[in-house]
$ cat entry-v2.csv   # CSV, C-alpha atoms
chain,number,residue,atom,x,y,z
A,2,MET,CA,-9.5,-25.9,1.9
A,3,ARG,CA,-6.8,-28.6,2.6
A,4,LEU,CA,-3.8,-27.1,4.4
A,5,MET,CA,-0.3,-28.4,4.8
A,6,THR,CA,2.3,-27.4,7.3
A,7,TYR,CA,5.1,-25.7,5.5
A,8,ARG,CA,8.6,-25.1,6.8
A,9,HIS,CA,10.9,-22.7,5.0
A,10,PRO,CA,14.1,-24.4,3.9
A,11,THR,CA,16.5,-21.8,5.0
A,12,ALA,CA,14.8,-19.4,7.4
A,13,GLY,CA,13.0,-22.2,9.2
A,14,PHE,CA,9.7,-20.5,9.9
A,15,ARG,CA,6.6,-22.5,9.7
A,16,LEU,CA,3.0,-21.8,8.7
A,17,PRO,CA,0.0,-23.6,7.3
A,18,LEU,CA,-0.5,-23.2,3.6
A,19,PRO,CA,-3.1,-24.5,1.1
A,20,TRP,CA,-1.5,-27.6,-0.3
A,21,ASP,CA,-2.1,-26.7,-4.0
A,22,TRP,CA,-0.7,-23.1,-3.9
A,23,GLU,CA,2.4,-22.5,-6.0
A,24,ARG,CA,5.5,-21.5,-4.0
A,25,ALA,CA,8.7,-19.6,-4.7
A,26,GLU,CA,11.4,-19.3,-2.0
A,27,ASP,CA,14.2,-16.8,-1.5
A,28,THR,CA,13.5,-14.8,-4.7
A,29,GLU,CA,14.6,-11.1,-4.8
A,30,GLY,CA,14.8,-10.8,-1.1
A,31,ILE,CA,11.4,-12.3,-0.5
A,32,ALA,CA,11.5,-15.4,1.7
A,33,LEU,CA,8.3,-17.0,0.5
A,34,ILE,CA,5.7,-16.3,-2.1
A,35,ALA,CA,2.7,-18.7,-2.2
A,36,VAL,CA,0.1,-18.1,-4.9
A,37,GLU,CA,-3.3,-19.8,-5.5
A,38,PRO,CA,-3.8,-21.7,-8.7
A,39,GLU,CA,-4.6,-19.6,-11.8
A,40,ARG,CA,-8.2,-18.8,-12.4
A,41,PRO,CA,-8.2,-16.3,-15.4
A,42,PRO,CA,-9.1,-13.5,-15.4
A,43,TRP,CA,-9.2,-13.2,-11.6
A,44,PHE,CA,-6.5,-11.8,-9.4
A,45,ARG,CA,-4.5,-14.6,-7.9
A,46,ALA,CA,-4.7,-14.6,-4.1
A,47,ASN,CA,-1.2,-14.8,-2.5
A,48,LEU,CA,0.7,-14.9,0.7
A,49,VAL,CA,4.2,-13.3,1.0
A,50,VAL,CA,6.7,-13.6,3.9
A,51,THR,CA,9.6,-11.2,4.2
A,52,ILE,CA,12.2,-11.0,6.9
A,53,GLU,CA,14.3,-8.0,7.7
A,54,ARG,CA,17.1,-7.3,10.2
A,55,LEU,CA,16.0,-4.5,12.5
A,56,GLU,CA,18.0,-1.7,13.9
A,57,ALA,CA,18.9,-2.1,17.6
A,58,GLY,CA,16.3,-0.7,19.9
A,59,LEU,CA,13.5,-0.7,17.4
A,60,ASP,CA,10.2,-1.9,18.8
A,61,LEU,CA,7.3,-3.5,17.1
A,62,SER,CA,5.2,-0.4,17.1
A,63,SER,CA,7.8,2.0,15.6
A,64,TRP,CA,9.0,-0.6,13.1
A,65,THR,CA,5.4,-1.4,12.0
A,66,GLU,CA,4.5,2.3,11.7
A,67,ALA,CA,7.6,3.1,9.6
A,68,GLY,CA,6.9,0.1,7.4
A,69,ARG,CA,3.3,1.0,7.0
A,70,GLY,CA,4.1,4.5,6.0
A,71,LEU,CA,6.4,3.3,3.2
A,72,LEU,CA,3.9,0.7,2.1
A,73,GLU,CA,1.1,3.3,1.8
A,74,GLN,CA,3.4,5.4,-0.3
A,75,ALA,CA,4.1,2.5,-2.6
A,76,LEU,CA,0.4,1.5,-3.0
A,77,GLU,CA,-2.0,3.2,-5.3
A,78,ARG,CA,-5.0,4.8,-3.6
A,79,PRO,CA,-4.5,3.0,-0.3
A,80,LEU,CA,-7.3,2.9,2.2
A,81,LEU,CA,-6.4,1.8,5.7
A,82,VAL,CA,-9.5,-0.2,6.9
A,83,ASP,CA,-8.3,-1.6,10.2
A,84,LEU,CA,-5.3,-1.8,12.5
A,85,GLU,CA,-5.1,-4.2,15.4
A,86,GLU,CA,-2.7,-5.2,18.1
A,87,THR,CA,-2.8,-8.9,18.4
A,88,GLU,CA,-0.7,-12.0,19.2
A,89,ILE,CA,0.8,-14.8,17.1
A,90,GLY,CA,2.1,-17.9,18.9
A,91,GLY,CA,2.5,-15.8,22.1
A,92,ARG,CA,4.4,-13.0,20.4
A,93,PRO,CA,3.0,-9.5,20.2
A,94,ALA,CA,1.9,-8.8,16.6
A,95,ARG,CA,0.2,-6.1,14.6
A,96,ARG,CA,-2.4,-6.6,11.9
A,97,ALA,CA,-3.4,-4.1,9.2
A,98,LEU,CA,-6.1,-4.3,6.6
A,99,VAL,CA,-5.6,-2.1,3.6
A,100,HIS,CA,-7.5,-1.7,0.3
A,101,HIS,CA,-5.6,-0.6,-2.8
A,102,THR,CA,-5.7,-0.4,-6.5
A,103,THR,CA,-3.7,-2.5,-8.8
A,104,GLU,CA,-3.5,-3.0,-12.6
A,105,ASN,CA,-5.6,-6.1,-12.0
A,106,GLY,CA,-8.3,-4.2,-10.1
A,107,ALA,CA,-9.3,-3.8,-6.5
A,108,VAL,CA,-7.2,-5.7,-4.0
A,109,THR,CA,-7.6,-6.2,-0.2
A,110,MET,CA,-4.3,-6.8,1.6
A,111,GLU,CA,-4.0,-8.1,5.1
A,112,GLN,CA,-0.7,-7.8,6.8
A,113,TRP,CA,0.7,-9.2,10.1
A,114,THR,CA,4.0,-8.1,11.5
A,115,LEU,CA,6.0,-9.6,14.4
A,116,MET,CA,9.5,-9.7,15.8
A,117,GLU,CA,11.8,-12.5,16.8
A,118,ALA,CA,15.1,-11.5,18.3
A,119,ALA,CA,16.6,-8.8,15.9
A,120,LEU,CA,14.4,-9.9,12.9
A,121,GLY,CA,11.1,-8.5,11.7
A,122,TYR,CA,8.7,-10.9,10.0
A,123,THR,CA,6.0,-9.6,7.7
A,124,LEU,CA,3.2,-11.9,6.4
A,125,THR,CA,1.2,-10.2,3.7
A,126,ALA,CA,-2.0,-11.8,2.2
A,127,SER,CA,-3.7,-10.3,-0.8
A,128,VAL,CA,-6.9,-11.1,-2.6
A,129,GLY,CA,-9.3,-9.5,-5.1
A,130,THR,CA,-11.6,-7.4,-3.0
A,131,LEU,CA,-14.8,-9.1,-3.8
A,132,GLU,CA,-13.3,-12.4,-2.8
A,133,TYR,CA,-11.9,-11.2,0.5
A,134,ASP,CA,-14.7,-12.7,2.6
A,135,ASP,CA,-14.1,-16.1,1.0
A,136,LEU,CA,-10.4,-16.1,2.1
A,137,ALA,CA,-10.4,-14.0,5.3
A,138,ASP,CA,-10.7,-17.0,7.5
A,139,LEU,CA,-7.9,-18.8,5.6
A,140,PHE,CA,-5.6,-15.8,6.0
A,141,ALA,CA,-6.4,-15.6,9.7
A,142,THR,CA,-5.6,-19.4,10.1
A,143,VAL,CA,-2.3,-19.0,8.2
A,144,ALA,CA,-1.3,-16.0,10.3
A,145,ALA,CA,-2.3,-17.7,13.6
A,146,GLY,CA,-0.1,-20.7,12.6
A,147,PHE,CA,3.0,-18.6,11.7
A,148,ARG,CA,6.0,-19.5,13.8
A,149,PRO,CA,9.4,-17.9,13.2
A,150,ASP,CA,12.5,-20.1,14.0
A,151,PRO,CA,14.2,-18.4,17.0
A,152,SER,CA,17.5,-20.0,16.0
A,153,PHE,CA,17.5,-18.5,12.5
A,154,THR,CA,20.1,-15.8,11.8
A,155,PRO,CA,20.4,-14.6,8.2
B,19,MET,CA,-26.3,26.9,-12.4
B,20,THR,CA,-23.2,25.2,-11.0
B,21,PRO,CA,-20.3,25.0,-13.4
B,22,VAL,CA,-19.7,21.5,-14.6
B,23,ARG,CA,-16.2,20.0,-14.2
B,24,PHE,CA,-15.0,16.7,-15.6
B,25,ASP,CA,-11.9,14.8,-14.7
B,26,PRO,CA,-11.5,11.8,-17.1
B,27,GLU,CA,-8.5,10.5,-15.0
B,28,THR,CA,-10.7,9.8,-12.0
B,29,ALA,CA,-13.9,9.4,-14.0
B,30,THR,CA,-15.5,12.1,-11.9
B,31,LEU,CA,-18.0,14.6,-13.1
B,32,ARG,CA,-19.0,17.5,-10.9
B,33,LEU,CA,-22.4,19.0,-11.6
B,34,ASP,CA,-25.8,19.8,-10.1
B,35,ARG,CA,-28.7,17.4,-9.9
B,36,GLU,CA,-30.6,19.2,-12.7
B,37,THR,CA,-27.7,18.7,-15.1
B,38,PHE,CA,-27.3,15.1,-14.0
B,39,ALA,CA,-31.0,14.5,-14.7
B,40,ALA,CA,-30.5,16.0,-18.2
B,41,LEU,CA,-27.4,13.8,-18.7
B,42,VAL,CA,-29.3,10.7,-17.8
B,43,ALA,CA,-32.3,11.7,-20.0
B,44,HIS,CA,-30.0,12.2,-23.0
B,45,ALA,CA,-28.0,9.0,-22.4
B,46,ALA,CA,-31.3,7.1,-22.3
B,47,GLU,CA,-32.3,8.4,-25.7
B,48,PRO,CA,-29.3,9.9,-27.4
B,49,THR,CA,-31.1,10.2,-30.7
B,50,GLY,CA,-34.3,11.5,-29.2
B,51,ASN,CA,-35.6,15.1,-28.9
B,52,ALA,CA,-33.7,16.0,-25.7
B,53,SER,CA,-30.5,17.8,-26.6
B,54,PRO,CA,-27.6,17.3,-24.4
B,55,PRO,CA,-26.7,20.1,-22.0
B,56,ALA,CA,-24.2,22.3,-23.7
B,57,GLU,CA,-22.0,22.5,-20.7
B,58,LEU,CA,-21.4,18.8,-20.8
B,59,GLN,CA,-20.1,19.1,-24.3
B,60,ALA,CA,-17.9,22.0,-23.3
B,61,VAL,CA,-16.1,19.9,-20.7
B,62,GLY,CA,-15.7,16.8,-23.0
B,63,VAL,CA,-18.3,14.6,-21.5
B,64,LEU,CA,-19.8,14.3,-25.0
B,65,HIS,CA,-17.9,14.3,-28.2
B,66,ASP,CA,-19.3,13.7,-31.6
B,67,GLY,CA,-22.4,12.3,-30.0
B,68,ARG,CA,-20.6,9.8,-27.9
B,69,TYR,CA,-20.0,9.8,-24.2
B,70,HIS,CA,-16.5,9.9,-22.9
B,71,PRO,CA,-15.2,6.3,-22.3
B,72,ALA,CA,-14.5,7.1,-18.6
B,73,LEU,CA,-18.2,7.6,-18.1
B,74,GLU,CA,-19.8,5.1,-20.4
B,75,GLN,CA,-20.0,2.1,-18.1
B,76,GLY,CA,-21.3,4.3,-15.2
B,77,LEU,CA,-24.1,5.7,-17.4
B,78,ASP,CA,-24.9,2.3,-18.6
B,79,ALA,CA,-25.2,1.2,-14.9
B,80,VAL,CA,-27.6,4.1,-14.2
B,81,LEU,CA,-29.8,3.1,-17.1
B,82,ASN,CA,-29.6,-0.6,-16.8
B,83,PRO,CA,-28.7,-1.4,-13.1
B,84,VAL,CA,-28.3,-4.9,-11.9
B,85,CYS,CA,-28.8,-3.4,-8.4
B,86,ARG,CA,-29.3,0.0,-6.8
B,87,LEU,CA,-27.5,1.3,-3.8
B,88,GLN,CA,-28.6,3.9,-1.3
B,89,VAL,CA,-26.4,5.2,1.5
B,90,ARG,CA,-27.4,7.5,4.3
B,91,VAL,CA,-24.8,9.1,6.6
B,92,ALA,CA,-25.8,11.2,9.5
B,93,ASP,CA,-23.2,13.0,11.6
B,94,PRO,CA,-23.6,14.6,15.0
B,95,HIS,CA,-23.7,18.1,13.6
B,96,GLY,CA,-27.0,17.8,11.8
B,97,ARG,CA,-25.6,16.9,8.3
B,98,GLU,CA,-27.3,14.0,6.6
B,99,ASP,CA,-25.9,12.9,3.3
B,100,HIS,CA,-27.8,10.7,0.9
B,101,CYS,CA,-25.8,8.9,-1.8
B,102,ASP,CA,-27.1,6.9,-4.7
B,103,GLY,CA,-25.4,4.1,-6.6
B,104,TRP,CA,-26.1,2.0,-9.6
B,105,VAL,CA,-24.2,-1.2,-10.3
B,106,ALA,CA,-24.1,-3.2,-13.5
B,107,GLY,CA,-21.8,-6.0,-14.8
B,108,HIS,CA,-18.9,-3.8,-16.0
B,109,GLY,CA,-19.4,-0.5,-14.2
B,110,ALA,CA,-20.9,1.3,-11.3
B,111,GLY,CA,-21.9,4.9,-10.9
B,112,PHE,CA,-22.2,6.9,-7.6
B,113,LEU,CA,-23.9,10.2,-7.2
B,114,LEU,CA,-22.4,11.8,-4.1
B,115,PRO,CA,-23.1,15.1,-2.4
B,116,VAL,CA,-20.2,17.5,-2.3
B,117,GLN,CA,-21.5,20.8,-1.0
B,118,GLY,CA,-24.6,22.8,-1.5
B,119,GLU,CA,-26.0,22.2,-5.0
B,120,LEU,CA,-22.8,20.5,-6.1
B,121,TRP,CA,-22.8,16.7,-6.7
B,122,GLU,CA,-20.2,14.3,-8.0
B,123,PHE,CA,-21.0,11.5,-10.4
B,124,VAL,CA,-18.2,9.0,-10.0
B,125,VAL,CA,-17.7,5.9,-12.2
B,126,VAL,CA,-15.8,2.8,-10.9
B,127,HIS,CA,-15.5,-0.8,-11.7
B,128,PRO,CA,-17.9,-2.9,-9.6
B,129,SER,CA,-15.0,-4.5,-7.7
B,130,PHE,CA,-14.3,-1.0,-6.3
B,131,VAL,CA,-17.8,-0.6,-4.9
B,132,PRO,CA,-16.8,-1.7,-1.3
B,133,GLU,CA,-13.9,0.8,-1.4
B,134,ARG,CA,-16.1,3.6,-2.5
B,135,LEU,CA,-18.7,2.8,0.2
B,136,ALA,CA,-16.0,2.6,2.8
B,137,ARG,CA,-14.8,6.1,1.8
B,138,ILE,CA,-18.3,7.5,1.9
B,139,VAL,CA,-18.9,6.2,5.4
B,140,GLY,CA,-15.4,7.0,6.7
B,141,LEU,CA,-14.5,3.4,7.6
B,142,GLY,CA,-11.1,3.2,9.3
B,143,PRO,CA,-9.3,1.8,12.3
B,144,ARG,CA,-11.1,1.9,15.7
B,145,PRO,CA,-10.2,0.7,19.1
B,146,ARG,CA,-11.7,-2.7,20.3
B,147,VAL,CA,-14.1,-3.0,23.1
B,148,PRO,CA,-13.6,-6.6,24.2
B,149,THR,CA,-16.0,-6.5,27.1
B,150,ALA,CA,-19.1,-5.0,25.5
B,151,ARG,CA,-21.9,-7.4,24.6
B,152,PRO,CA,-24.9,-7.2,22.2
B,153,VAL,CA,-27.7,-5.2,23.7
B,154,GLU,CA,-31.4,-4.8,22.7
B,155,LEU,CA,-32.6,-1.2,22.7
B,156,GLY,CA,-35.8,0.5,21.6
B,157,THR,CA,-35.6,2.1,18.2
B,158,LYS,CA,-36.7,5.4,19.8
B,159,LEU,CA,-33.8,5.3,22.3
B,160,VAL,CA,-31.2,4.6,19.6
B,161,ASP,CA,-32.6,7.5,17.6
B,162,GLU,CA,-32.3,9.8,20.6
B,163,LEU,CA,-28.8,8.6,21.4
B,164,THR,CA,-27.7,9.3,17.9
B,165,ALA,CA,-29.8,12.4,17.3
B,166,SER,CA,-28.2,15.1,15.2
B,167,ASP,CA,-29.5,17.7,17.7
B,168,PRO,CA,-26.9,17.8,20.5
B,169,GLY,CA,-29.5,18.8,23.2
B,170,PRO,CA,-31.7,15.7,23.0
B,171,ARG,CA,-28.7,13.6,22.3
B,172,ALA,CA,-27.0,14.7,25.5
B,173,ASP,CA,-30.3,14.2,27.5
B,174,ALA,CA,-30.6,10.7,26.3
B,175,LEU,CA,-27.0,9.9,27.0
B,176,GLN,CA,-27.3,11.2,30.5
B,177,ARG,CA,-30.5,9.3,31.1
B,178,VAL,CA,-28.8,6.0,30.0
B,179,LEU,CA,-25.6,6.7,31.8
B,180,ASN,CA,-27.5,7.5,35.1
B,181,SER,CA,-30.0,4.7,35.1
B,182,GLY,CA,-29.8,2.6,32.0
B,183,PRO,CA,-29.0,-1.1,31.9
B,184,GLU,CA,-25.2,-1.8,32.2
B,185,ASP,CA,-24.9,-3.0,28.5
B,186,ALA,CA,-26.6,0.1,27.2
B,187,GLN,CA,-24.2,2.2,29.3
B,188,ALA,CA,-21.3,0.8,27.2
B,189,ILE,CA,-22.9,2.3,24.1
B,190,ALA,CA,-23.7,5.5,25.8
B,191,ARG,CA,-20.2,5.9,27.0
B,192,ALA,CA,-18.9,5.2,23.5
B,193,LEU,CA,-21.3,7.8,22.1
B,194,ALA,CA,-20.3,10.3,24.8
B,195,SER,CA,-16.6,9.8,24.0
B,196,GLY,CA,-17.2,10.9,20.4
B,197,PHE,CA,-20.2,10.2,18.1
B,198,ARG,CA,-18.8,10.2,14.5
B,199,SER,CA,-21.8,9.0,12.4
B,200,ARG,CA,-24.7,6.7,12.0
B,201,TRP,CA,-24.9,5.2,8.6
B,202,GLU,CA,-27.0,2.7,6.6
B,203,ALA,CA,-26.3,1.1,3.2
B,204,VAL,CA,-29.0,-0.7,1.3
B,205,VAL,CA,-28.7,-2.6,-1.9
B,206,ARG,CA,-31.8,-3.8,-3.8
B,207,TRP,CA,-32.1,-6.0,-6.9
B,208,LEU,CA,-34.7,-7.9,-8.8
B,209,PRO,CA,-34.6,-11.2,-6.9
B,210,ALA,CA,-34.4,-14.8,-8.1
B,211,PRO,CA,-36.8,-17.1,-6.3
B,212,GLY,CA,-35.6,-17.5,-2.7
B,213,SER,CA,-33.6,-14.3,-2.7
B,214,THR,CA,-34.7,-11.4,-0.5
B,215,GLY,CA,-33.8,-8.9,-3.2
B,216,GLN,CA,-32.0,-6.7,-0.8
B,217,ARG,CA,-29.2,-6.5,1.8
B,218,ALA,CA,-28.6,-3.8,4.3
B,219,MET,CA,-26.0,-2.6,6.8
B,220,HIS,CA,-26.5,-0.3,9.7
B,221,VAL,CA,-23.6,1.0,11.8
B,222,ILE,CA,-23.1,3.5,14.5
B,223,ASP,CA,-19.5,4.9,14.5
B,224,THR,CA,-17.9,6.3,17.5
B,225,GLU,CA,-14.4,7.3,18.4
B,226,THR,CA,-14.0,4.3,20.6
B,227,THR,CA,-15.6,1.6,18.5
B,228,LEU,CA,-18.0,0.6,15.8
B,229,TRP,CA,-21.5,-0.7,16.6
B,230,ALA,CA,-23.5,-2.9,14.2
B,231,VAL,CA,-27.2,-2.4,14.4
B,232,GLU,CA,-29.9,-4.9,13.3
B,233,PRO,CA,-33.6,-5.3,13.9
B,234,GLY,CA,-34.2,-7.6,16.9
B,235,GLY,CA,-36.6,-8.2,19.7
B,236,THR,CA,-39.0,-5.3,19.9
B,237,GLY,CA,-36.5,-2.8,18.6
B,238,LEU,CA,-32.8,-3.0,17.6
B,239,VAL,CA,-29.9,-5.1,18.7
B,240,VAL,CA,-26.7,-3.1,18.9
B,241,TRP,CA,-23.4,-4.9,19.3
B,242,PRO,CA,-19.7,-3.9,19.1
B,243,THR,CA,-18.0,-4.8,15.8
B,244,THR,CA,-14.7,-4.1,14.1
B,245,PRO,CA,-13.7,-2.4,10.9
B,246,THR,CA,-12.6,-5.8,9.5
B,247,ALA,CA,-16.1,-7.3,10.2
B,248,VAL,CA,-17.7,-4.2,8.5
B,249,TRP,CA,-15.4,-4.6,5.6
B,250,ARG,CA,-16.4,-8.3,5.2
B,251,LEU,CA,-20.0,-7.1,5.1
B,252,LEU,CA,-19.2,-4.4,2.5
B,253,VAL,CA,-17.5,-6.9,0.2
B,254,THR,CA,-20.5,-9.2,0.3
B,255,LEU,CA,-23.1,-6.5,0.0
B,256,LEU,CA,-23.6,-6.8,-3.7
B,257,PRO,CA,-25.9,-9.7,-4.9
B,258,ARG,CA,-24.4,-12.9,-6.2
B,259,ASP,CA,-25.4,-14.1,-9.6
B,260,GLU,CA,-27.7,-16.8,-8.2
B,261,GLU,CA,-29.6,-14.1,-6.3
B,262,LEU,CA,-30.5,-12.2,-9.4
B,263,ALA,CA,-33.7,-12.7,-11.4
B,264,ARG,CA,-33.0,-14.1,-14.8
B,265,GLY,CA,-33.9,-12.3,-18.0
$ encode --input "entry-v2.csv" --output "structure tokens"
Amino acid sequence: MRLMTYRHPTAGFRLPLPWDWERAEDTEGIALIAVEPERPPWFRANLVVTIERLEAGLDLSSWTEAGRGLLEQALERPLLVDLEETEIGGRPARRALVHHTTENGAVTMEQWTLMEAALGYTLTASVGTLEYDDLADLFATVAAGFRPDPSFTP
Amino acid sequence: MTPVRFDPETATLRLDRETFAALVAHAAEPTGNASPPAELQAVGVLHDGRYHPALEQGLDAVLNPVCRLQVRVADPHGREDHCDGWVAGHGAGFLLPVQGELWEFVVVHPSFVPERLARIVGLGPRPRVPTARPVELGTKLVDELTASDPGPRADALQRVLNSGPEDAQAIARALASGFRSRWEAVVRWLPAPGSTGQRAMHVIDTETTLWAVEPGGTGLVVWPTTPTAVWRLLVTLLPRDEELARG
């Protein structure tokens, strides 16, 4: 899959993205939504980046745990498959792999979280479950190439 | 006879195996001589000669499967569960042990088969063991290390920990830290030319990590794996269209 280096126009973060995925920026509090081209009737794989200002003193672990709890409440029939402490561009990061039910069927969601200064960045990748293996390496590549802009303040 | 319960919301039918067999026999020949079990009609599984829509695709999968699934899960306390699954184009059915004579027939869309399997085998986060390497072990030794009987299991663990090869000691230490289960999932189908007609997974699950098991050398090769790697195998367990015999 051909990738391009994407830079967000206001938040300045960078990541590799498939060149032909549709993008929407700064919509309803979501910094970036990138969606694969339509292939009816299949679930459209997508990547979402959100940025939130964190309370003072919050560390990656407690922020991630709180966020994961809320996420699992919001998802239908969530199944936590994996949790991993990792690193993105030299920054500590956490990765979660979750299966859940949507109106479009079974979805596997992979989520990376990391902090930069007082901001928390979340990169969420979702795909129809039976296609997860096809896109897992792409998702890992996108996550590994994610770089927040240290100078960005919302 | 176990009372039958049916929850259309979750497409779940609780029943004993005898009633399940009667259900399948009737579904195979609804206009034949076999009359449907009365208790199935009483709980709404059958109405006016038709099966409830929540179960229809699952029963069709049982009768006309594209592939068959078998899962065996053995825990360290001597419990060994055997689950059956049938998958067709639009539905999948699982027959899962609950307790004693009680079983659950659960119907899902085929895209939910990996999730169902993951729940059956208890897949979830596990710590990583970055230093452990693949190790070849005799089948007998793996069986002893994961025996359901704690006595022989402890003896085998002690033997390996005292004098086994260093790599095998990593597995023994993981098993000593908490043996959760040993499970196998096998899917079989009528193969197209060039297809093996089956795929299998074999995993040893411990508190400290997951271990993938495959035939190798003169016995088994066991190596550390991750829940993500196991999930990737689960989502590719079902046959692709080109692996299926035509017609």
$ atom_distance --input "entry-v2.csv" --atom1 "CA of Thr28 in chain A" --atom2 "CA of Thr125 in chain A"
15.6 Å
$ residues_around --input "entry-v2.csv" --residues "Trp43 in chain A" --least-positions-apart "6" --cutoff "12 Å" --atoms "all atoms listed in the file" --output "list in words"
Glu37, Glu104, Asn105, Gly106, Ala107, Val108, Val128, Gly129, Thr130, Leu131 and Glu132 of chain A; Ser129 of chain B
$ atom_distance --input "entry-v2.csv" --atom1 "CA of Leu16 in chain A" --atom2 "CA of Val36 in chain A"
14.4 Å
$ closest_atom_pairs --input "entry-v2.csv" --of "chain A" --to "chain B" --cutoff "12 Å" --atoms "all atoms listed in the file" --output "CSV"
residue,atom,partner,partner_atom,distance
A:Trp43,CA,B:Ser129,CA,11.2
A:Phe44,CA,B:Ser129,CA,11.3
A:Arg78,CA,B:Glu133,CA,10.0
A:Pro79,CA,B:Glu133,CA,9.7
A:Leu80,CA,B:Glu133,CA,7.8
A:Leu81,CA,B:Gly142,CA,6.1
A:Val82,CA,B:Gly142,CA,4.5
A:Asp83,CA,B:Pro143,CA,4.1
A:Leu84,CA,B:Pro143,CA,5.4
A:Glu85,CA,B:Pro143,CA,8.0
A:Glu86,CA,B:Pro145,CA,9.6
A:Thr87,CA,B:Arg146,CA,11.0
A:Arg96,CA,B:Thr246,CA,10.5
A:Ala97,CA,B:Pro143,CA,8.9
A:Leu98,CA,B:Thr246,CA,7.3
A:Val99,CA,B:Gly142,CA,9.5
A:His100,CA,B:Glu133,CA,7.1
A:His101,CA,B:Glu133,CA,8.5
A:Thr102,CA,B:Phe130,CA,8.6
A:Thr103,CA,B:Phe130,CA,11.0
A:Asn105,CA,B:Ser129,CA,10.5
A:Gly106,CA,B:Ser129,CA,7.1
A:Ala107,CA,B:Phe130,CA,5.7
A:Val108,CA,B:Ser129,CA,8.7
A:Thr109,CA,B:Glu133,CA,9.5
A:Met110,CA,B:Thr246,CA,11.5
A:Glu111,CA,B:Thr246,CA,9.9
A:Val128,CA,B:Ser129,CA,11.6
A:Gly129,CA,B:Ser129,CA,8.0
A:Thr130,CA,B:Ser129,CA,6.5
A:Leu131,CA,B:Val253,CA,5.3
A:Glu132,CA,B:Val253,CA,7.5
A:Tyr133,CA,B:Val253,CA,7.1
A:Asp134,CA,B:Arg250,CA,5.4
A:Asp135,CA,B:Arg250,CA,9.2
A:Leu136,CA,B:Arg250,CA,10.3
A:Ala137,CA,B:Arg250,CA,8.3
A:Asp138,CA,B:Arg250,CA,10.7
A:Ala141,CA,B:Thr246,CA,11.6
$ atom_distance --input "entry-v2.csv" --atom1 "CA of Thr51 in chain A" --atom2 "CA of Gly90 in chain A"
17.8 Å
$ closest_residue --input "entry-v2.csv" --among "A:Arg92, A:Arg24, A:His9, A:Arg69" --to "Phe153 in chain A" --atoms "only C-alpha atoms"
A:His9
$ residues_around --input "entry-v2.csv" --residues "Ala188 in chain B" --least-positions-apart "2" --cutoff "12 Å" --atoms "only C-alpha atoms" --output "list in words"
Val147, Pro148, Thr149, Ala150, Arg151, Pro152, Val153, Leu175, Val178, Leu179, Gly182, Pro183, Glu184, Asp185, Ala186, Ala190, Arg191, Ala192, Leu193, Ala194, Ser195, Thr224, Thr226, Thr227, Leu228, Trp229, Val240, Trp241 and Pro242 of chain B
$ closest_residue --input "entry-v2.csv" --among "B:His44, B:His95, B:Val126, B:Asp223" --to "Gly169 in chain B" --atoms "all atoms listed in the file"
B:His95
$ closest_residue --input "entry-v2.csv" --among "A:Pro41, A:Gly68, A:Gly146, A:Gly121" --to "Thr6 in chain A" --atoms "all atoms listed in the file"
A:Gly146
$ residues_around --input "entry-v2.csv" --residues "Arg95 in chain A" --least-positions-apart "5" --cutoff "10 Å" --atoms "all atoms listed in the file" --output "list in words"
Leu61, Ser62, Thr65, Glu66, Leu84, Glu85, Glu86, Thr87, Glu88, Ile89, Gln112, Trp113, Thr114, Leu115 and Thr123 of chain A
$ write_last_selection --input "entry-v2.csv" --atoms "C-alpha atoms" --output "mmCIF file, in the coordinates of the input"
data_model
loop_
_atom_site.group_PDB
_atom_site.id
_atom_site.type_symbol
_atom_site.label_atom_id
_atom_site.label_comp_id
_atom_site.auth_asym_id
_atom_site.auth_seq_id
_atom_site.Cartn_x
_atom_site.Cartn_y
_atom_site.Cartn_z
ATOM 1 C CA LEU A 61 7.300 -3.500 17.100
ATOM 2 C CA SER A 62 5.200 -0.400 17.100
ATOM 3 C CA THR A 65 5.400 -1.400 12.000
ATOM 4 C CA GLU A 66 4.500 2.300 11.700
ATOM 5 C CA LEU A 84 -5.300 -1.800 12.500
ATOM 6 C CA GLU A 85 -5.100 -4.200 15.400
ATOM 7 C CA GLU A 86 -2.700 -5.200 18.100
ATOM 8 C CA THR A 87 -2.800 -8.900 18.400
ATOM 9 C CA GLU A 88 -0.700 -12.000 19.200
ATOM 10 C CA ILE A 89 0.800 -14.800 17.100
ATOM 11 C CA GLN A 112 -0.700 -7.800 6.800
ATOM 12 C CA TRP A 113 0.700 -9.200 10.100
ATOM 13 C CA THR A 114 4.000 -8.100 11.500
ATOM 14 C CA LEU A 115 6.000 -9.600 14.400
ATOM 15 C CA THR A 123 6.000 -9.600 7.700
#
$ residues_near_point --input "entry-v2.csv" --point "(-27.5, 0.4, 6.4)" --cutoff "9 Å" --atoms "all atoms listed in the file" --output "PDB file with C-alpha atoms, in the coordinates of the input"
ATOM      1  CA  GLN B  88     -28.600   3.900  -1.300  1.00  0.00           C
ATOM      2  CA  VAL B  89     -26.400   5.200   1.500  1.00  0.00           C
ATOM      3  CA  ARG B  90     -27.400   7.500   4.300  1.00  0.00           C
ATOM      4  CA  ARG B 200     -24.700   6.700  12.000  1.00  0.00           C
ATOM      5  CA  TRP B 201     -24.900   5.200   8.600  1.00  0.00           C
ATOM      6  CA  GLU B 202     -27.000   2.700   6.600  1.00  0.00           C
ATOM      7  CA  ALA B 203     -26.300   1.100   3.200  1.00  0.00           C
ATOM      8  CA  VAL B 204     -29.000  -0.700   1.300  1.00  0.00           C
ATOM      9  CA  VAL B 205     -28.700  -2.600  -1.900  1.00  0.00           C
ATOM     10  CA  ARG B 217     -29.200  -6.500   1.800  1.00  0.00           C
ATOM     11  CA  ALA B 218     -28.600  -3.800   4.300  1.00  0.00           C
ATOM     12  CA  MET B 219     -26.000  -2.600   6.800  1.00  0.00           C
ATOM     13  CA  HIS B 220     -26.500  -0.300   9.700  1.00  0.00           C
ATOM     14  CA  VAL B 221     -23.600   1.000  11.800  1.00  0.00           C
ATOM     15  CA  VAL B 231     -27.200  -2.400  14.400  1.00  0.00           C
TER      16      VAL B 231
END
